[in-house]
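For reference, upload_34.txt (compact mmCIF, C-alpha atoms):
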# COMPACT_ATOMS: atom_id res chain seq x y z
CA MET A 494 -158.40 139.51 99.59
CA LYS A 495 -159.71 142.51 101.46
CA SER A 496 -156.33 144.19 101.30
CA ALA A 497 -156.40 143.98 97.49
CA LYS A 498 -159.85 145.58 97.46
CA ILE A 499 -158.70 148.38 99.77
CA PHE A 500 -155.56 148.91 97.67
CA MET A 501 -157.65 149.07 94.49
CA ILE A 502 -160.05 151.60 96.05
CA GLY A 503 -157.02 153.63 97.15
CA MET A 504 -155.70 153.60 93.59
CA TYR A 505 -158.96 154.97 92.21
CA LEU A 506 -159.15 157.60 94.98
CA HIS A 507 -155.57 158.57 94.11
CA LEU A 508 -156.69 159.16 90.53
CA ILE A 509 -159.70 161.22 91.62
CA PHE A 510 -157.55 163.29 93.98
CA SER A 511 -154.88 163.72 91.28
CA ILE A 512 -157.51 165.39 89.15
CA ALA A 513 -159.43 167.29 91.86
CA ILE A 514 -156.69 168.59 94.15
CA PRO A 515 -154.76 170.62 91.52
CA PHE A 516 -158.00 172.30 90.43
CA MET A 517 -158.91 173.01 94.04
CA ILE A 518 -155.46 174.46 94.72
CA VAL A 519 -155.74 176.73 91.67
CA LEU A 520 -159.20 177.88 92.76
CA VAL A 521 -158.25 178.70 96.35
CA SER A 522 -154.80 180.14 95.67
CA SER A 523 -155.63 183.13 93.50
CA GLU A 524 -153.19 185.23 95.53
CA GLY A 525 -150.46 182.64 96.11
CA TRP A 526 -150.01 179.61 98.26
CA GLY A 527 -152.15 180.11 101.33
CA ASN A 528 -152.80 177.80 104.25
CA LEU A 529 -155.62 175.95 102.49
CA SER A 530 -153.51 175.34 99.38
CA MET A 531 -150.65 173.96 101.47
CA PHE A 532 -153.08 171.80 103.46
CA LEU A 533 -154.54 170.34 100.26
CA PHE A 534 -151.10 169.70 98.74
CA ILE A 535 -149.62 168.11 101.86
CA GLY A 536 -152.79 166.06 102.39
CA TYR A 537 -152.53 164.83 98.80
CA LEU A 538 -148.89 163.82 99.27
CA ILE A 539 -149.75 161.99 102.50
CA PHE A 540 -152.55 160.15 100.70
CA ILE A 541 -150.16 159.03 97.93
CA VAL A 542 -147.76 157.65 100.53
CA ALA A 543 -150.65 155.91 102.31
CA VAL A 544 -151.78 154.23 99.07
CA LEU A 545 -148.25 153.03 98.36
CA ILE A 546 -147.92 151.70 101.91
CA MET A 547 -151.26 149.92 101.50
CA GLY A 548 -149.87 148.37 98.33
CA TRP A 549 -146.88 146.95 100.19
CA ILE A 550 -149.17 145.70 102.97
CA CYS A 551 -151.23 143.97 100.28
CA VAL A 552 -148.03 142.36 98.95
CA GLY A 553 -147.19 141.14 102.45
CA ILE A 554 -150.66 139.69 102.89
CA GLY A 555 -150.38 138.03 99.47
CA VAL A 556 -147.07 136.41 100.41
CA SER A 557 -148.62 135.30 103.68
CA ALA A 558 -151.61 133.83 101.79
CA TYR A 559 -149.18 131.93 99.56
CA ARG A 560 -147.29 130.55 102.57
CA GLN A 561 -150.57 129.52 104.22
CA SER A 562 -151.78 127.82 101.02
CA GLU A 563 -154.72 130.21 100.59
CA TYR A 564 -154.52 130.09 96.81
CA ALA A 565 -158.15 131.05 96.20
CA LYS A 566 -157.43 134.37 97.95
CA LEU A 567 -154.38 134.87 95.75
CA ARG A 568 -156.39 134.21 92.60
CA LYS A 569 -159.10 136.62 93.72
CA GLY A 570 -156.51 139.29 94.56
CA LEU A 571 -154.79 138.76 91.21
CA LYS A 572 -158.04 139.18 89.28
CA LEU A 573 -158.97 142.26 91.28
CA LEU A 574 -155.61 144.02 91.03
CA LYS A 575 -154.81 143.16 87.42
CA LEU A 576 -158.22 143.19 85.75
CA GLY A 577 -160.15 145.49 88.07
CA THR A 578 -157.60 148.26 87.69
CA ILE A 579 -157.50 148.38 83.89
CA PRO A 580 -159.74 151.52 83.80
CA PHE A 581 -157.51 153.12 86.45
CA TYR A 582 -154.37 152.69 84.35
CA ILE A 583 -156.06 153.88 81.15
CA LEU A 584 -157.50 157.01 82.79
CA ASN A 585 -154.26 157.61 84.69
CA PHE A 586 -152.27 157.45 81.45
CA ILE A 587 -154.60 159.80 79.57
CA TYR A 588 -154.77 162.29 82.44
CA SER A 589 -151.00 162.21 83.01
CA VAL A 590 -150.15 162.73 79.35
CA VAL A 591 -152.48 165.72 79.09
CA VAL A 592 -151.43 167.33 82.38
CA TRP A 593 -147.71 166.77 81.98
CA PHE A 594 -147.82 167.98 78.37
CA ILE A 595 -149.37 171.22 79.63
CA ILE A 596 -146.99 171.55 82.60
CA ILE A 597 -143.87 170.84 80.57
CA GLY A 598 -145.04 173.07 77.73
CA ALA A 599 -145.90 175.93 80.06
CA SER A 600 -142.51 175.69 81.76
CA ARG A 601 -140.76 175.42 78.37
CA GLY A 602 -139.31 172.07 79.39
CA ILE A 603 -137.84 173.11 82.73
CA LEU A 604 -140.22 170.89 84.74
CA VAL A 605 -139.65 167.78 82.60
CA ILE A 606 -137.58 166.29 85.43
CA LEU A 607 -140.69 166.24 87.66
CA ALA A 608 -142.56 163.97 85.22
CA ILE A 609 -140.63 161.02 86.63
CA ILE A 610 -142.51 161.27 89.95
CA PRO A 611 -145.97 160.14 88.73
CA ILE A 612 -144.31 157.56 86.50
CA LEU A 613 -142.51 156.06 89.51
CA ILE A 614 -145.71 156.07 91.57
CA THR A 615 -147.63 154.24 88.82
CA CYS A 616 -144.79 151.77 88.24
CA THR A 617 -144.67 151.04 91.97
CA MET A 618 -148.38 150.19 91.88
CA ILE A 619 -147.79 147.86 88.92
CA VAL A 620 -144.95 146.12 90.77
CA GLN A 621 -147.07 145.78 93.90
CA SER A 622 -149.93 144.12 92.05
CA GLY A 623 -147.36 142.09 90.12
CA CYS A 624 -146.08 140.59 93.36
CA ILE A 625 -149.52 139.06 93.93
CA GLY A 626 -149.36 137.65 90.40
CA ILE A 627 -145.90 136.24 91.06
CA CYS A 628 -147.15 134.46 94.18
CA TYR A 629 -150.00 132.91 92.19
CA ILE A 630 -147.67 131.86 89.37
CA LYS A 631 -145.34 130.31 91.94
CA TYR A 632 -148.30 128.31 93.26
CA LEU A 633 -149.24 127.13 89.75
CA ARG A 634 -145.65 126.08 89.01
CA GLN A 635 -145.50 124.27 92.34
CA LYS A 636 -148.77 122.48 91.57
CA ASN A 637 -147.09 120.82 88.54
CA GLN A 638 -150.11 120.87 86.25
CA GLY A 639 -148.81 122.26 82.99
CA LYS A 640 -146.53 124.80 84.62
CA PRO A 641 -146.86 128.35 83.34
CA HIS A 642 -143.71 129.52 81.62
CA ALA A 643 -141.25 131.36 83.87
CA ILE A 644 -141.51 134.45 81.63
CA HIS A 645 -144.83 135.20 83.39
CA TYR A 646 -142.87 136.21 86.51
CA PHE A 647 -141.25 138.99 84.50
CA LEU A 648 -144.41 139.94 82.59
CA GLN A 649 -146.32 140.56 85.84
CA LEU A 650 -144.05 143.55 86.48
CA ILE A 651 -144.49 145.31 83.11
CA SER A 652 -147.47 147.48 82.26
CA VAL A 653 -149.87 146.06 79.65
CA PHE A 654 -147.96 142.77 79.54
CA ASP A 655 -149.10 142.11 83.11
CA VAL A 656 -152.74 142.11 81.99
CA ILE A 657 -152.01 139.87 79.01
CA SER A 658 -150.07 137.46 81.24
CA THR A 659 -152.89 137.46 83.80
CA LEU A 660 -155.52 136.73 81.16
CA ILE A 661 -153.45 133.83 79.81
CA ILE A 662 -152.87 132.41 83.28
CA LEU A 663 -156.48 132.76 84.40
CA HIS A 664 -157.76 131.18 81.18
CA LYS A 665 -155.23 128.36 80.96
CA TYR A 666 -155.21 127.42 84.64
CA ARG A 667 -158.83 127.62 85.66
CA GLU A 668 -159.70 126.43 89.14
CA ASN A 669 -162.58 123.99 89.44
Show me the file's structure as structure tokens.
Amino acid sequence: MKSAKIFMIGMYLHLIFSIAIPFMIVLVSSEGWGNLSMFLFIGYLIFIVAVLIMGWICVGIGVSAYRQSEYAKLRKGLKLLKLGTIPFYILNFIYSVVVWFIIIGASRGILVILAIIPILITCTMIVQSGCIGICYIKYLRQKNQGKPHAIHYFLQLISVFDVISTLIILHKYREN
């Protein structure tokens, strides 16, 4: 699925920009928020929204692939979005913990409420890739060859468990 590949690339670019843009803003805004700082910040926010929209487009294409019986595309998208993004989620977690620890510590806890924003963005990406997994599980259950347990629907939407569920499904229900 090309949309899955584009979504995955967008996720990694989001991570790169999440690291680079704050440093760039700090470097260029030595005397306060100037035009360049605002441009970088607004551009970053627009990019985040674009990645999330691409994720929902990918979900729509995945549902369409399921309806059109293009199960090989679903399997490929599932592998790409669940296994190909493992480094993204690990680096994203490490970076977020470090940055938010510093931000919350520096603000003496006042900015703790803002920590929910990157968590929601990451969870949305997990749900989006989980929808592709759900479509593939639905296909496997419909195929009636040793149906995967229905718990896999739920597991596709939970971080870490989604990867375990995907590995089990891909191993147990190999396509010839």
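Counting all atoms listed in the file, the residue from A:Ile554, A:Phe510, A:Ile596, A:Ile502 that sits nearest to A:Lys566 is A:Ile554.
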Taking a cut-off of 8 Å and counting all atoms listed in the file, can you build a table that, for each residue of stretch 536-570 of chain A near stretch 619-641 of chain A, reports the nearest atom pair and how far apart they are in Å (one decimal), sorted by chain then residue number, as a tab-separated table?
residue	atom	partner	partner_atom	distance
A:Gly548	CA	A:Gln621	CA	5.8
A:Trp549	CA	A:Gln621	CA	6.4
A:Cys551	CA	A:Gln621	CA	7.8
A:Val552	CA	A:Gln621	CA	6.2
A:Gly555	CA	A:Ile625	CA	5.7
A:Val556	CA	A:Cys628	CA	6.5
A:Tyr559	CA	A:Cys628	CA	6.3
A:Tyr564	CA	A:Tyr629	CA	7.1
A:Leu567	CA	A:Tyr629	CA	6.0
A:Arg568	CA	A:Tyr629	CA	6.5
A:Gly570	CA	A:Ile625	CA	7.0
Output file for the residues above (C-alpha atoms, as a short mmCIF file (atom, residue, chain, number, x, y, z; two decimals), keeping the file's coordinate frame):
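The result, stored in result.cif:
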data_model
loop_
_atom_site.label_atom_id
_atom_site.label_comp_id
_atom_site.auth_asym_id
_atom_site.auth_seq_id
_atom_site.Cartn_x
_atom_site.Cartn_y
_atom_site.Cartn_z
CA GLY A 548 -149.87 148.37 98.33
CA TRP A 549 -146.88 146.95 100.19
CA CYS A 551 -151.23 143.97 100.28
CA VAL A 552 -148.03 142.36 98.95
CA GLY A 555 -150.38 138.03 99.47
CA VAL A 556 -147.07 136.41 100.41
CA TYR A 559 -149.18 131.93 99.56
CA TYR A 564 -154.52 130.09 96.81
CA LEU A 567 -154.38 134.87 95.75
CA ARG A 568 -156.39 134.21 92.60
CA GLY A 570 -156.51 139.29 94.56
#
Which residue, A:Pro611, A:His664, A:Ser557, A:Gly503, has the smallest gap to A:Ala543 when you use only C-alpha atoms? A:Gly503
Distance of atom CA of A:Val519 from atom CA of A:Met531, expressed in Å to one decimal place: 11.4 Å
Between atom CA of A:Glu563 and atom CA of A:His507, what is the spacing in Å?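 Result for atom CA of A:His507 versus atom CA of A:Glu563: 29.1 Å, one decimal.
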Find the distance between atom CA of A:Ile662 and atom CA of A:Ile583 and write it in Å to one decimal.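 Atom-to-atom, atom CA of A:Ile662 and atom CA of A:Ile583 are spaced 21.8 Å apart.
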Local residues around (-152.7, 143.9, 82.7), at most 8 Å away, using all atoms listed in the file, as a list in words: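 Applying the cut-off with all atoms listed in the file, one gets Lys575, Leu576, Ile579, Gln649, Ser652, Val653, Phe654, Asp655, Val656, Ile657, Ser658, Thr659 and Leu660 of chain A.
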Using only C-alpha atoms, which of the listed residues (A:Leu607, A:Leu506, A:Ala513, A:Leu584) sits closest to A:Phe540?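 Among the listed residues, A:Leu506 lies closest to A:Phe540.
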Give me the residues within 12 Å of A:Phe586 as a PyMOL selection string, counting all atoms listed in the file and dropping any in the same chain fewer than 4 places off. chain A and resi 508+511+579-582+590-594+611-612+615-616+652-653
With 3 Å added on each side, what axis-aligned box encloses every listed atom of stretch 643-661 of chain A? Give the centre and edge lengths in Å to one decimal, as JSON.
{"center_x": -148.4, "center_y": 139.4, "center_z": 82.8, "size_x": 20.3, "size_y": 22.1, "size_z": 13.5}
Near-A:Ala497 list (7 Å; only C-alpha atoms; drop same-chain fewer than 2 positions) as a PDB file with C-alpha atoms, keeping the file's coordinate frame:
ATOM      1  CA  MET A 494    -158.400 139.510  99.590  1.00  0.00           C
ATOM      2  CA  LYS A 495    -159.710 142.510 101.460  1.00  0.00           C
ATOM      3  CA  ILE A 499    -158.700 148.380  99.770  1.00  0.00           C
ATOM      4  CA  PHE A 500    -155.560 148.910  97.670  1.00  0.00           C
ATOM      5  CA  MET A 501    -157.650 149.070  94.490  1.00  0.00           C
ATOM      6  CA  CYS A 551    -151.230 143.970 100.280  1.00  0.00           C
ATOM      7  CA  GLY A 570    -156.510 139.290  94.560  1.00  0.00           C
ATOM      8  CA  LEU A 573    -158.970 142.260  91.280  1.00  0.00           C
ATOM      9  CA  LEU A 574    -155.610 144.020  91.030  1.00  0.00           C
TER      10      LEU A 574
END
